[in-house]
Structure formats: structure tokens, C-alpha cells
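S.K.: Pasting final-v4.tsv below, which is TSV, C-alpha atoms.
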chain	number	residue	atom	x	y	z
U	1252	MET	CA	0.00	0.00	0.00
U	1253	THR	CA	2.85	2.32	0.92
U	1254	ASP	CA	4.68	1.46	-2.31
U	1255	ALA	CA	1.55	2.17	-4.34
U	1256	VAL	CA	1.12	5.59	-2.74
U	1257	GLY	CA	4.78	6.39	-3.32
U	1258	THR	CA	4.59	5.38	-6.96
U	1259	ALA	CA	1.47	7.48	-7.47
U	1260	ALA	CA	3.14	10.49	-5.85
U	1261	HIS	CA	6.20	10.02	-8.06
U	1262	LEU	CA	4.06	9.88	-11.22
U	1263	THR	CA	2.17	12.99	-10.13
U	1264	ALA	CA	5.35	14.91	-9.32
U	1265	ALA	CA	7.15	14.04	-12.58
U	1266	PRO	CA	5.08	16.32	-14.89
U	1267	ALA	CA	5.33	19.10	-12.29
U	1268	ARG	CA	9.14	18.80	-12.27
U	1269	ARG	CA	9.24	18.83	-16.07
U	1270	GLY	CA	7.04	21.93	-16.10
U	1271	SER	CA	9.26	23.60	-13.52
U	1272	ALA	CA	12.41	22.74	-15.49
U	1273	ALA	CA	10.86	24.18	-18.67
U	1274	ALA	CA	9.97	27.38	-16.83
U	1275	LEU	CA	13.53	27.68	-15.53
U	1276	ARG	CA	14.97	27.18	-19.01
U	1277	LEU	CA	12.56	29.78	-20.39
U	1278	ARG	CA	13.60	32.22	-17.67
U	1279	ALA	CA	17.28	31.70	-18.44
U	1280	ALA	CA	16.71	32.02	-22.20
U	1281	SER	CA	14.72	35.23	-21.78
U	1282	GLU	CA	17.99	36.96	-20.91
U	1283	TYR	CA	19.00	36.68	-24.57
U	1284	VAL	CA	15.84	38.50	-25.63
U	1285	ILE	CA	15.41	41.08	-22.90
U	1286	ILE	CA	18.97	42.44	-22.90
U	1287	PRO	CA	19.09	43.11	-26.70
U	1288	VAL	CA	15.65	44.73	-26.53
U	1289	LEU	CA	16.81	46.97	-23.69
U	1290	ALA	CA	19.93	47.80	-25.69
U	1291	VAL	CA	17.78	48.96	-28.62
U	1292	VAL	CA	15.62	51.04	-26.27
U	1293	ALA	CA	18.71	52.63	-24.68
U	1294	ALA	CA	20.19	53.40	-28.12
U	1295	SER	CA	16.88	54.96	-29.18
U	1296	LEU	CA	16.93	57.22	-26.14
U	1297	ILE	CA	20.48	58.34	-26.96
U	1298	PHE	CA	19.40	58.97	-30.54
U	1299	ALA	CA	16.45	61.02	-29.27
U	1300	LEU	CA	18.91	63.26	-27.42
U	1301	PHE	CA	20.91	63.52	-30.65
U	1302	LEU	CA	17.80	64.71	-32.51
U	1303	LEU	CA	16.93	67.20	-29.77
U	1304	ALA	CA	20.43	68.64	-30.03
U	1305	LEU	CA	19.75	69.18	-33.75
U	1306	GLY	CA	16.45	70.89	-32.95
U	1307	LYS	CA	14.37	68.03	-34.38
U	1308	SER	CA	11.46	66.19	-32.81
U	1309	PRO	CA	12.10	62.53	-31.84
U	1310	ALA	CA	8.35	61.89	-31.94
U	1311	ALA	CA	8.14	63.16	-35.53
U	1312	PHE	CA	11.12	60.97	-36.43
U	1313	LEU	CA	9.47	57.87	-34.97
U	1314	ASP	CA	6.20	58.70	-36.74
U	1315	LEU	CA	7.96	59.01	-40.11
U	1316	LEU	CA	9.95	55.87	-39.38
U	1317	TRP	CA	6.73	53.95	-38.86
U	1318	ILE	CA	5.04	55.42	-41.95
U	1319	GLY	CA	8.07	54.84	-44.17
U	1320	GLY	CA	8.84	51.34	-42.92
U	1321	PHE	CA	5.56	49.74	-41.93
U	1322	GLY	CA	2.72	52.18	-42.50
U	1323	SER	CA	1.37	50.88	-45.80
U	1324	ALA	CA	1.51	47.94	-48.18
U	1325	PHE	CA	4.06	49.83	-50.30
U	1326	SER	CA	6.19	50.47	-47.21
U	1327	TRP	CA	6.08	46.81	-46.24
U	1328	GLY	CA	7.13	45.80	-49.75
U	1329	ASN	CA	10.08	48.18	-49.62
U	1330	THR	CA	10.99	46.99	-46.12
U	1331	LEU	CA	10.90	43.28	-46.95
U	1332	SER	CA	12.88	43.82	-50.17
U	1333	ARG	CA	15.61	45.54	-48.15
U	1334	ALA	CA	15.43	42.84	-45.47
U	1335	ALA	CA	16.24	40.09	-47.99
U	1336	PRO	CA	19.98	40.88	-48.37
U	1337	LEU	CA	20.21	41.65	-44.66
U	1338	ILE	CA	19.03	38.13	-43.76
U	1339	LEU	CA	21.61	36.52	-46.01
U	1340	THR	CA	24.52	38.75	-45.04
U	1341	ALA	CA	23.65	38.33	-41.35
U	1342	LEU	CA	23.98	34.57	-41.86
U	1343	THR	CA	27.49	35.28	-43.17
U	1344	VAL	CA	28.32	36.42	-39.65
U	1345	ALA	CA	26.12	34.03	-37.68
U	1346	ILE	CA	27.28	30.68	-39.08
U	1347	PRO	CA	31.06	31.14	-38.49
U	1348	ALA	CA	30.18	32.60	-35.07
U	1349	GLN	CA	29.05	29.11	-34.03
U	1350	LEU	CA	32.76	28.19	-34.11
U	1351	GLY	CA	33.85	31.38	-32.41
U	1352	LEU	CA	34.92	33.04	-35.69
U	1353	THR	CA	34.11	36.71	-36.36
U	1354	ILE	CA	33.63	37.16	-40.11
U	1355	ILE	CA	32.72	40.70	-41.22
U	1356	GLY	CA	33.41	40.46	-44.95
U	1357	GLY	CA	29.85	39.85	-46.12
U	1358	GLU	CA	29.80	43.10	-48.11
U	1359	GLY	CA	32.59	41.95	-50.40
U	1360	ALA	CA	31.10	38.48	-50.84
U	1361	LEU	CA	27.75	40.04	-51.78
U	1362	VAL	CA	29.34	42.34	-54.35
U	1363	LEU	CA	31.46	39.57	-55.82
U	1364	GLY	CA	28.45	37.23	-55.94
U	1365	GLY	CA	26.37	39.83	-57.75
U	1366	PHE	CA	29.14	40.46	-60.23
U	1367	ALA	CA	29.57	36.72	-60.88
U	1368	ALA	CA	25.82	36.36	-61.51
U	1369	ALA	CA	25.76	39.29	-63.94
U	1370	ALA	CA	28.92	38.19	-65.76
U	1371	LEU	CA	27.50	34.70	-66.26
U	1372	ALA	CA	24.15	35.97	-67.52
U	1373	VAL	CA	25.42	38.49	-70.09
U	1374	PRO	CA	26.56	35.91	-72.72
U	1375	PHE	CA	23.10	34.32	-72.62
U	1376	VAL	CA	21.18	37.58	-73.17
U	1377	GLY	CA	19.40	37.36	-76.51
U	1378	SER	CA	20.45	33.74	-77.03
U	1379	GLY	CA	17.04	32.31	-76.24
U	1380	ALA	CA	18.43	30.12	-73.45
U	1381	PRO	CA	15.61	29.31	-70.99
U	1382	ALA	CA	15.54	31.26	-67.74
U	1383	ALA	CA	14.90	27.99	-65.87
U	1384	ALA	CA	18.44	26.96	-66.83
U	1385	VAL	CA	20.25	30.29	-66.68
U	1386	LEU	CA	18.88	31.56	-63.34
U	1387	PRO	CA	20.09	28.50	-61.34
U	1388	LEU	CA	23.49	28.86	-63.02
U	1389	MET	CA	23.59	32.53	-62.03
U	1390	ALA	CA	22.69	31.65	-58.44
U	1391	LEU	CA	25.32	28.89	-58.32
U	1392	ALA	CA	27.99	31.20	-59.73
U	1393	ALA	CA	27.13	33.86	-57.15
U	1394	MET	CA	27.16	31.36	-54.28
U	1395	ALA	CA	30.44	29.84	-55.47
U	1396	ALA	CA	32.06	33.28	-55.65
U	1397	GLY	CA	30.89	34.20	-52.15
U	1398	ALA	CA	31.84	30.80	-50.72
U	1399	SER	CA	35.36	30.93	-52.16
U	1400	TRP	CA	35.90	34.49	-50.86
U	1401	ILE	CA	34.83	33.88	-47.27
U	1402	GLY	CA	36.30	30.38	-47.46
U	1403	LEU	CA	39.65	32.03	-48.25
U	1404	ALA	CA	39.44	33.93	-44.94
U	1405	GLY	CA	38.76	30.64	-43.18
U	1406	LEU	CA	41.68	28.98	-44.99
U	1407	LEU	CA	44.06	31.78	-43.98
U	1408	ARG	CA	42.96	31.35	-40.38
U	1409	LEU	CA	43.37	27.58	-40.52
U	1410	LYS	CA	46.70	27.37	-42.33
U	1411	ARG	CA	48.46	30.57	-41.29
U	1412	GLY	CA	46.65	31.71	-38.16
U	1413	VAL	CA	45.62	34.99	-39.84
U	1414	ASN	CA	42.94	36.80	-37.86
U	1415	GLU	CA	39.72	36.11	-39.77
U	1416	THR	CA	38.14	39.43	-38.79
U	1417	ILE	CA	40.91	41.47	-40.37
U	1418	SER	CA	41.37	39.19	-43.38
U	1419	SER	CA	37.64	39.06	-44.21
U	1420	LEU	CA	37.39	42.86	-43.95
U	1421	LEU	CA	40.42	43.42	-46.18
U	1422	LEU	CA	39.22	40.77	-48.64
U	1423	SER	CA	35.92	42.63	-48.76
U	1424	TYR	CA	37.63	45.77	-50.03
U	1425	VAL	CA	39.62	43.70	-52.53
U	1426	ALA	CA	36.40	42.09	-53.82
U	1427	ILE	CA	34.76	45.48	-54.32
U	1428	ALA	CA	37.85	46.83	-56.07
U	1429	VAL	CA	38.09	43.83	-58.40
U	1430	THR	CA	34.39	44.11	-59.26
U	1431	LEU	CA	34.66	47.83	-60.00
U	1432	PHE	CA	37.72	47.18	-62.18
U	1433	PHE	CA	35.75	44.85	-64.45
U	1434	VAL	CA	32.54	46.90	-64.31
U	1435	GLU	CA	34.35	50.10	-65.27
U	1436	GLY	CA	36.80	48.38	-67.61
U	1437	PRO	CA	36.64	45.17	-69.63
U	1438	LEU	CA	32.96	44.38	-68.97
U	1439	ARG	CA	31.54	47.89	-69.08
U	1440	ASP	CA	28.42	48.51	-71.10
U	1441	PRO	CA	29.34	51.37	-73.51
U	1442	ALA	CA	25.83	52.74	-73.10
U	1443	SER	CA	26.24	53.16	-69.31
U	1444	THR	CA	27.59	56.70	-69.37
U	1445	ALA	CA	26.18	58.06	-66.10
U	1446	LYS	CA	27.04	55.03	-63.97
U	1447	ALA	CA	29.46	52.38	-65.16
U	1448	SER	CA	27.66	49.02	-65.34
U	1449	THR	CA	27.84	45.66	-67.02
U	1450	LEU	CA	25.42	44.90	-69.83
U	1451	PRO	CA	21.85	44.44	-68.49
U	1452	ILE	CA	20.68	40.88	-67.95
U	1453	GLY	CA	17.31	41.74	-69.49
U	1454	ALA	CA	13.78	40.92	-68.44
U	1455	ALA	CA	14.20	37.28	-69.52
U	1456	TYR	CA	16.58	36.55	-66.64
U	1457	ALA	CA	15.07	38.83	-64.02
U	1458	VAL	CA	13.63	37.39	-60.81
U	1459	GLY	CA	10.03	38.47	-60.35
U	1460	LYS	CA	7.94	39.26	-57.32
U	1461	MET	CA	6.01	36.88	-55.12
U	1462	PRO	CA	2.29	36.48	-55.87
U	1463	PHE	CA	0.08	39.15	-54.28
U	1464	LEU	CA	3.13	40.83	-52.71
U	1465	ASN	CA	5.32	43.72	-53.81
U	1466	VAL	CA	8.40	41.77	-52.69
U	1467	HIS	CA	10.85	39.84	-54.82
U	1468	TRP	CA	11.63	36.18	-54.19
U	1469	GLY	CA	14.89	37.05	-52.43
U	1470	PHE	CA	12.99	37.57	-49.16
U	1471	ALA	CA	11.43	34.11	-49.29
U	1472	ALA	CA	14.80	32.61	-50.20
U	1473	GLY	CA	16.44	34.39	-47.26
U	1474	VAL	CA	13.86	33.07	-44.79
U	1475	VAL	CA	14.19	29.52	-46.16
U	1476	VAL	CA	18.00	29.62	-46.06
U	1477	ALA	CA	17.93	30.98	-42.49
U	1478	ALA	CA	15.57	28.18	-41.42
U	1479	LEU	CA	17.67	25.50	-43.13
U	1480	LEU	CA	20.92	26.75	-41.61
U	1481	GLY	CA	19.18	27.07	-38.24
U	1482	VAL	CA	18.16	23.42	-38.40
U	1483	LEU	CA	21.66	22.45	-39.58
U	1484	MET	CA	23.34	24.21	-36.66
U	1485	SER	CA	20.87	23.17	-33.94
U	1486	ARG	CA	19.54	19.76	-34.93
U	1487	THR	CA	22.38	17.89	-36.64
U	1488	THR	CA	25.68	16.34	-35.60
U	1489	PHE	CA	27.43	18.85	-37.89
U	1490	GLY	CA	25.96	21.75	-35.94
U	1491	PHE	CA	26.64	20.04	-32.62
U	1492	ALA	CA	30.29	19.54	-33.59
U	1493	ALA	CA	30.52	23.17	-34.69
U	1494	ARG	CA	29.14	24.41	-31.38
U	1495	ILE	CA	31.51	22.13	-29.43
U	1496	THR	CA	34.39	23.59	-31.45
U	1497	GLY	CA	33.18	27.10	-30.76
U	1498	GLY	CA	32.90	26.39	-27.04
U	1499	ASN	CA	36.38	24.92	-26.65
U	1500	ILE	CA	38.53	24.20	-29.67
U	1501	ARG	CA	41.09	22.18	-27.69
U	1502	ALA	CA	38.37	19.94	-26.28
U	1503	ALA	CA	37.00	19.48	-29.80
U	1504	GLN	CA	40.43	18.50	-31.09
U	1505	ALA	CA	40.90	16.12	-28.15
U	1506	GLN	CA	37.59	14.47	-29.06
U	1507	GLY	CA	38.82	13.96	-32.62
U	1508	LEU	CA	36.42	16.41	-34.25
U	1509	PRO	CA	37.50	17.63	-37.72
U	1510	VAL	CA	37.99	21.22	-36.62
U	1511	GLY	CA	39.65	22.37	-39.84
U	1512	LYS	CA	36.94	20.94	-42.09
U	1513	LEU	CA	34.23	22.41	-39.86
U	1514	MET	CA	35.87	25.82	-40.07
U	1515	LEU	CA	36.14	25.75	-43.85
U	1516	ALA	CA	32.63	24.36	-44.30
U	1517	CYS	CA	31.04	27.02	-42.10
U	1518	CYS	CA	32.98	29.83	-43.81
U	1519	ALA	CA	31.97	28.49	-47.24
U	1520	LEU	CA	28.30	28.27	-46.20
U	1521	ALA	CA	28.48	31.80	-44.86
U	1522	GLY	CA	30.03	33.13	-48.06
U	1523	ALA	CA	27.49	31.28	-50.19
U	1524	ALA	CA	24.68	33.04	-48.32
U	1525	ALA	CA	26.21	36.46	-49.06
U	1526	GLY	CA	26.80	35.47	-52.68
U	1527	LEU	CA	23.13	34.50	-52.97
U	1528	ALA	CA	22.22	37.96	-51.69
U	1529	GLY	CA	24.32	39.41	-54.52
U	1530	PHE	CA	22.48	37.23	-57.04
U	1531	PHE	CA	19.10	38.61	-55.96
U	1532	GLU	CA	20.41	42.18	-55.95
U	1533	VAL	CA	21.37	41.74	-59.61
U	1534	ALA	CA	18.50	39.52	-60.81
U	1535	ALA	CA	15.67	41.15	-58.83
U	1536	VAL	CA	16.75	44.75	-58.11
U	1537	GLN	CA	19.58	46.23	-60.20
U	1538	GLY	CA	19.31	44.19	-63.39
U	1539	ARG	CA	23.08	44.53	-63.88
U	1540	ALA	CA	26.27	44.78	-61.83
U	1541	ASN	CA	27.52	48.20	-60.84
U	1542	ALA	CA	28.77	50.15	-57.84
U	1543	SER	CA	25.27	50.14	-56.32
U	1544	LEU	CA	25.86	46.56	-55.20
U	1545	ALA	CA	28.06	47.96	-52.42
U	1546	ALA	CA	25.08	49.49	-50.61
U	1547	GLY	CA	26.22	48.56	-47.09
U	1548	TYR	CA	23.98	45.51	-46.67
U	1549	GLY	CA	26.99	43.43	-45.64
U	1550	PHE	CA	27.92	45.82	-42.84
U	1551	THR	CA	24.34	46.19	-41.58
U	1552	GLY	CA	24.14	42.38	-41.63
U	1553	ILE	CA	26.83	42.35	-38.93
U	1554	LEU	CA	24.56	44.36	-36.65
U	1555	VAL	CA	21.57	42.16	-37.49
U	1556	SER	CA	23.50	39.02	-36.59
U	1557	PHE	CA	24.75	40.43	-33.28
U	1558	LEU	CA	21.28	41.64	-32.32
U	1559	ALA	CA	19.90	38.18	-33.14
U	1560	ARG	CA	22.61	36.63	-30.97
U	1561	HIS	CA	23.88	34.76	-34.04
U	1562	ASN	CA	20.71	32.65	-34.00
U	1563	PRO	CA	19.64	31.92	-37.62
U	1564	PHE	CA	15.99	31.57	-36.55
U	1565	ALA	CA	16.01	35.05	-34.99
U	1566	ILE	CA	17.72	36.76	-37.91
U	1567	PRO	CA	14.69	37.27	-40.25
U	1568	PRO	CA	12.57	39.34	-37.80
U	1569	VAL	CA	15.59	41.46	-36.82
U	1570	ALA	CA	16.42	41.95	-40.51
U	1571	VAL	CA	12.84	43.14	-41.14
U	1572	LEU	CA	13.29	45.73	-38.38
U	1573	PHE	CA	16.45	47.09	-39.99
U	1574	GLY	CA	14.90	46.81	-43.44
U	1575	GLY	CA	12.18	49.14	-42.16
U	1576	LEU	CA	14.77	51.60	-40.87
U	1577	ALA	CA	16.46	51.64	-44.27
U	1578	ALA	CA	13.17	51.95	-46.16
U	1579	ALA	CA	12.14	54.98	-44.09
U	1580	GLY	CA	15.43	56.83	-44.61
U	1581	GLY	CA	14.30	58.70	-47.72
U	1582	LEU	CA	11.01	59.83	-46.15
U	1583	VAL	CA	12.82	61.08	-43.03
U	1584	GLN	CA	15.24	63.01	-45.22
U	1585	ARG	CA	12.49	64.72	-47.21
U	1586	ARG	CA	10.09	65.55	-44.39
U	1587	MET	CA	12.55	66.56	-41.63
U	1588	GLY	CA	15.38	67.96	-43.71
U	1589	LEU	CA	17.83	65.46	-42.27
U	1590	PRO	CA	20.59	63.69	-44.20
U	1591	ASP	CA	19.84	60.19	-45.46
U	1592	ALA	CA	22.68	58.98	-43.24
U	1593	THR	CA	20.61	59.81	-40.15
U	1594	VAL	CA	19.34	56.25	-40.05
U	1595	LEU	CA	22.94	55.04	-40.15
U	1596	VAL	CA	23.64	57.15	-37.06
U	1597	LEU	CA	20.79	55.35	-35.29
U	1598	GLN	CA	22.22	52.00	-36.40
U	1599	GLY	CA	25.63	53.06	-35.09
U	1600	PHE	CA	24.18	53.91	-31.67
U	1601	ILE	CA	22.43	50.53	-31.57
U	1602	PHE	CA	25.66	48.72	-32.44
U	1603	VAL	CA	27.70	50.51	-29.78
U	1604	VAL	CA	25.12	49.99	-27.03
U	1605	LEU	CA	24.66	46.38	-28.11
U	1606	LEU	CA	28.38	45.71	-27.79
U	1607	ALA	CA	28.42	47.39	-24.38
U	1608	SER	CA	25.48	45.24	-23.26
U	1609	GLU	CA	27.55	42.10	-23.77
U	1610	THR	CA	29.04	42.71	-20.33
U	1611	LEU	CA	25.57	42.41	-18.74
U	1612	TYR	CA	25.01	38.73	-19.50
U	1613	GLY	CA	25.12	36.58	-16.36
U	1614	ARG	CA	24.99	39.59	-14.02
U	1615	PHE	CA	21.27	39.53	-13.18
U	1616	SER	CA	20.16	36.97	-10.60
U	1617	VAL	CA	16.63	36.92	-12.01
U	1618	PHE	CA	17.93	35.04	-15.07
U	1619	ARG	CA	20.27	32.68	-13.20
U	1620	ILE	CA	19.40	29.11	-12.24
U	1621	SER	CA	20.92	27.94	-8.99
U	1622	GLY	CA	22.42	24.48	-8.70
U	1623	ARG	CA	19.55	23.30	-6.49
U	1624	GLN	CA	16.96	24.62	-8.97
U	1625	GLY	CA	18.76	22.88	-11.80
U	1626	ARG	CA	18.73	19.56	-9.94
U	1627	ALA	CA	15.04	19.89	-8.93
Have the structure of the file written as C-alpha cells, please.
M.R.:
Amino acid sequence: MTDAVGTAAHLTAAPARRGSAAALRLRAASEYVIIPVLAVVAASLIFALFLLALGKSPAAFLDLLWIGGFGSAFSWGNTLSRAAPLILTALTVAIPAQLGLTIIGGEGALVLGGFAAAALAVPFVGSGAPAAAVLPLMALAAMAAGASWIGLAGLLRLKRGVNETISSLLLSYVAIAVTLFFVEGPLRDPASTAKASTLPIGAAYAVGKMPFLNVHWGFAAGVVVAALLGVLMSRTTFGFAARITGGNIRAAQAQGLPVGKLMLACCALAGAAAGLAGFFEVAAVQGRANASLAAGYGFTGILVSFLARHNPFAIPPVAVLFGGLAAAGGLVQRRMGLPDATVLVLQGFIFVVLLASETLYGRFSVFRISGRQGRA
């Protein structure tokens, strides 16, 4: 009788313990949401002081920001179109970060990927080759260019111990310079007098918009790629090995994990994502390769990735937020008489405060789980 009562009590207590453990995990995880949100709020307050110093109204700025980014169907279309490259370039930072690598060369990989896509398409223009064959080739060329460029930064780190942050940044400038050399030189369209560009890829090889939405397919592709890479890094042995390597590379080597291959694979995946962003910028936005490819998406992607805590699943919503900021820049400039770079100032404040907030993790007892709570 006593045993039966004890067994019943144990069965009753088990779900309660599981529920309590889930609540504790949720409380601990909320730290990674609340602190970035507070960082954005703090940066916004600093930016409000900046506007007041200029004699401008912060409330009017926020109102225009909402109207320009999210206030209408047109605004949403503009926002989501700008979010597409941000998702993919943020993944360029987030995936190597799983191994503890800081890659910031997404801008160059995007530009090089866009140039590769345009250069591959030009010979087919007017040839009658089906878009169903040419567009995948363009995407593959762009992804291969981006993968090789960021992969080179990973290779330099692996073989020569070169700091990947510095090498990826310098390689980014090299990629932009190489692209501009060909765009303004051997591959320049003679008709592009105002802005040097390659020959246009034409409507036959342009990527259209999604049904019922004023957004090109690059946004859907970015969300799908983010989800796939999120599953890869969180639900597979590859991702588990990458996170073990990022946590302690010596322990990973002692366990026999292929650290070098993991490093190269993650850098290549990251570069391929940025290259794909370049493909959509050419095939869905610009229609050709030119200097407009270097629009700063790669650098804003760094901020998006940090704000999302390098979590691929969290990157799309954060990218939409920054896409809205970028989309509203023109409206803010016209209505308030502020420079278009005003939004970049706000992004800069967010980045600085976000970096400063890194020191806050683990300092608040409300998010901590004691040893006894963890064992309960």
C-alpha cells in the first residue's frame, strides 16, 4: 500500500518537475531576448537626445519611421525587399560565429556574388536560353564566388593563423575593387555613361515578385536559407560539432572532431549566403552589376547578426526591423530635412550599445538558475 502511494506520488510529481524545469529554461533564455531589446531602447533614447540637439522632434522621427517602414503595403514591400539581403549577409556572420569566428566580410562576398551572376548571364542575353536553366546557373555562380571568398578567410585562419576578422574585412575591399575594375573596364556597357555598369541581364533573366506581394523572391529565399541553416546548426551532428568547437577548440580536437573541415565548411556556407544575396540584388533589383551593389547591406548584416545573438531563426525578424529603418530613410530626409545617413547614425548607436550590453550577460540573478533549482 505504501509502495503504491509512493509510486502514485512520483508519477504525479514528474510532470510538475518537467514543467518547472521548462519554466527555468525559459527564464534563463529570456535573458538573450530582454537584454538586446533593452539595448535597442537605450540606443533609441540616446538617438532622441541627438535629434533634440539638432532641434528636431524625436516623436516626428518615430512617426515618419513607422510610416516609411511599416505604415502601408508599399512600405512593407520596400521593407521586406531591403530585409532580404540583410538576412543573407547576417547569416554570413552568424554561421562562423558558431565556431567562435568573427567574419565581417559579407559586403565583399555580396558584391562579388552579384558580379559573378551578372557576368555569367550576359553571354546568354538574346540567345534564347531558358531562364529555368540560366537563373540556377547565375545563383550557383554567385554562391560559389561568395563561398570561395569567405572560405579564403577561413583557410588563412586555418593554415596561417591569420585573424579572420581582419582578413575578411580586407578581402571585402579587394572584392569590391576587383568588381569595379571589371565593371568600369573590360565588362563595361558602352551605353552606361552616367554610372558604369555591365550589360543588363534583361527581363528574360530577371527574378520576379512573389504572388500578391510587392516583394521579390529574395525575401522568401532568405527566410528559407535561415531556417535550413538554423536546423543544420541546432539539430544535426554537424551543428553540434561546430558548437563544441566554438565552445572549446582544444576539447573538440581532443575528441577527434575535424575542426579544420568544420571551419572551412562554415565559412563556405556563410560566403554562399552572401553570394546568394548578390544574385538577388542583380537579378531582382539592379538588373546589372555596378557600384550600387556595395550598398552597405553586408555591414548592416553584422549588426543584425549580433542583435539576433547569431541565431539563424532570430535573424529574419531582426532583418525586417532594420529593413524598415532603411526603407524609411528617404522619407525622413524629405520631411525633416535630415541627411539620409541619419538612419545610419541610429544603427551606429544601436551597435555601440549592443556591444556594451555584452558585459551584462550573467549579471542579473533573475535570469540565473541555482544548482539546487537545476537539480530539482
S.K.: Give as an NGL selection string each residue that has an atom at most 6 Å from (28.0, 50.7, -71.5) in the file, counting all atoms listed in the file.
M.R.: :U and (1439-1443)
S.K.: Using only C-alpha atoms, what does the table of region 1472-1530 of chain U residues within 8 Å of region 1349-1362 of chain U look like, with each row giving the shortest atom pair and its distance in Å to one decimal, sorted by chain and ascending number, as a Markdown table?
M.R.:
| residue | atom | partner | partner_atom | distance |
| --- | --- | --- | --- | --- |
| U:Met1484 | CA | U:Gln1349 | CA | 8.0 |
| U:Ala1493 | CA | U:Leu1350 | CA | 5.5 |
| U:Arg1494 | CA | U:Gln1349 | CA | 5.4 |
| U:Ile1495 | CA | U:Leu1350 | CA | 7.8 |
| U:Thr1496 | CA | U:Leu1350 | CA | 5.6 |
| U:Gly1497 | CA | U:Leu1350 | CA | 3.5 |
| U:Gly1498 | CA | U:Leu1350 | CA | 7.3 |
| U:Met1514 | CA | U:Leu1350 | CA | 7.1 |
| U:Gly1522 | CA | U:Ala1360 | CA | 6.1 |
| U:Ala1525 | CA | U:Leu1361 | CA | 4.8 |
| U:Gly1526 | CA | U:Leu1361 | CA | 4.8 |
| U:Leu1527 | CA | U:Leu1361 | CA | 7.3 |
| U:Ala1528 | CA | U:Leu1361 | CA | 5.9 |
| U:Gly1529 | CA | U:Leu1361 | CA | 4.4 |
| U:Phe1530 | CA | U:Leu1361 | CA | 8.0 |
S.K.: From the list U:Ala1311, U:Leu1363, U:Leu1337, U:Ala1304, which residue is nearest Ala1540 (chain U) when using only C-alpha atoms?
M.R.: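 Of the candidates, the smallest distance to Ala1540 (chain U) is held by U:Leu1363.
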S.K.: Select, counting all atoms listed in the file, all protein, DNA and RNA residues no farther than 12 Å from (30.3, 38.8, -68.5) in file coordinates, and express the selection as a PyMOL selection string.
M.R.: chain U and resi 1365-1376+1389+1392+1430+1433-1434+1436-1440+1448-1452+1539-1540
S.K.: Work out how far CA of Gln1598 (chain U) is from CA of Ser1419 (chain U), in Å to one decimal.
M.R.: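 Taking CA of Ser1419 (chain U) and CA of Gln1598 (chain U), their separation equals 21.6 Å.
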S.K.: What does the structure give for the distance between CA of Ser1616 (chain U) and CA of Leu1289 (chain U), in Å to one decimal?
M.R.: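 Calculated distance between CA of Ser1616 (chain U) and CA of Leu1289 (chain U) is 16.8 Å.
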S.K.: Suppose you want the space between CA of His1561 (chain U) and CA of Pro1287 (chain U); what is it in Å?
M.R.: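 It comes out at 12.1 Å.
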S.K.: Would you pick out the contacts of Thr1330 (chain U) at 7 Å or less, using only C-alpha atoms, so that residues sharing its chain but fewer than 2 positions from it are not included, and give the list as number ranges by chain?
M.R.: U: 1320, 1326-1328, 1332-1334, 1571, 1574-1575, 1578
S.K.: Which neighbours of Leu1313 (chain U) fall inside 12 Å, counting only C-alpha atoms, when residues of the same chain fewer than 2 positions from it are skipped, and could you give them as number ranges by chain?
M.R.: U: 1295-1296, 1298-1299, 1302, 1307-1311, 1315-1322, 1575-1576, 1579-1580, 1582-1583, 1587, 1594, 1597
S.K.: Counting only C-alpha atoms, figure out which residue out of U:Leu1300, U:Val1475, U:Ile1601, U:Ala1546 gets nearest to Phe1573 (chain U).
M.R.: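 Selected residue with least distance to Phe1573 (chain U): U:Ile1601.
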S.K.: As a CSV table (one decimal), in the coordinates of the input, could you write out region 1404-1408 of chain U once it has been completed with all heavy atoms?
M.R.:
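Heads up, here's the output in selection28.csv:
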chain,number,residue,atom,x,y,z
U,1404,ALA,N,39.1,33.4,-46.3
U,1404,ALA,CA,39.4,33.9,-44.9
U,1404,ALA,C,39.6,32.8,-43.9
U,1404,ALA,O,40.4,32.8,-43.1
U,1404,ALA,CB,38.3,34.9,-44.5
U,1405,GLY,N,38.7,31.8,-44.1
U,1405,GLY,CA,38.8,30.6,-43.2
U,1405,GLY,C,40.0,29.8,-43.4
U,1405,GLY,O,40.7,29.4,-42.4
U,1406,LEU,N,40.5,29.7,-44.7
U,1406,LEU,CA,41.7,29.0,-45.0
U,1406,LEU,C,42.9,29.7,-44.4
U,1406,LEU,O,43.8,29.0,-43.9
U,1406,LEU,CB,41.8,28.8,-46.5
U,1406,LEU,CG,42.9,27.9,-47.0
U,1406,LEU,CD1,42.7,26.5,-46.6
U,1406,LEU,CD2,43.0,28.0,-48.5
U,1407,LEU,N,42.9,31.0,-44.5
U,1407,LEU,CA,44.1,31.8,-44.0
U,1407,LEU,C,44.1,31.6,-42.5
U,1407,LEU,O,45.2,31.5,-41.9
U,1407,LEU,CB,43.9,33.3,-44.3
U,1407,LEU,CG,44.1,33.6,-45.8
U,1407,LEU,CD1,43.7,35.1,-46.1
U,1407,LEU,CD2,45.6,33.4,-46.2
U,1408,ARG,N,43.0,31.6,-41.8
U,1408,ARG,CA,43.0,31.4,-40.4
U,1408,ARG,C,43.5,29.9,-40.0
U,1408,ARG,O,44.2,29.8,-39.1
U,1408,ARG,CB,41.5,31.6,-39.9
U,1408,ARG,CG,41.3,31.1,-38.4
U,1408,ARG,CD,42.2,31.9,-37.4
U,1408,ARG,NE,42.1,31.3,-36.1
U,1408,ARG,CZ,41.2,31.7,-35.2
U,1408,ARG,NH1,40.3,32.7,-35.5
U,1408,ARG,NH2,41.1,31.2,-34.0
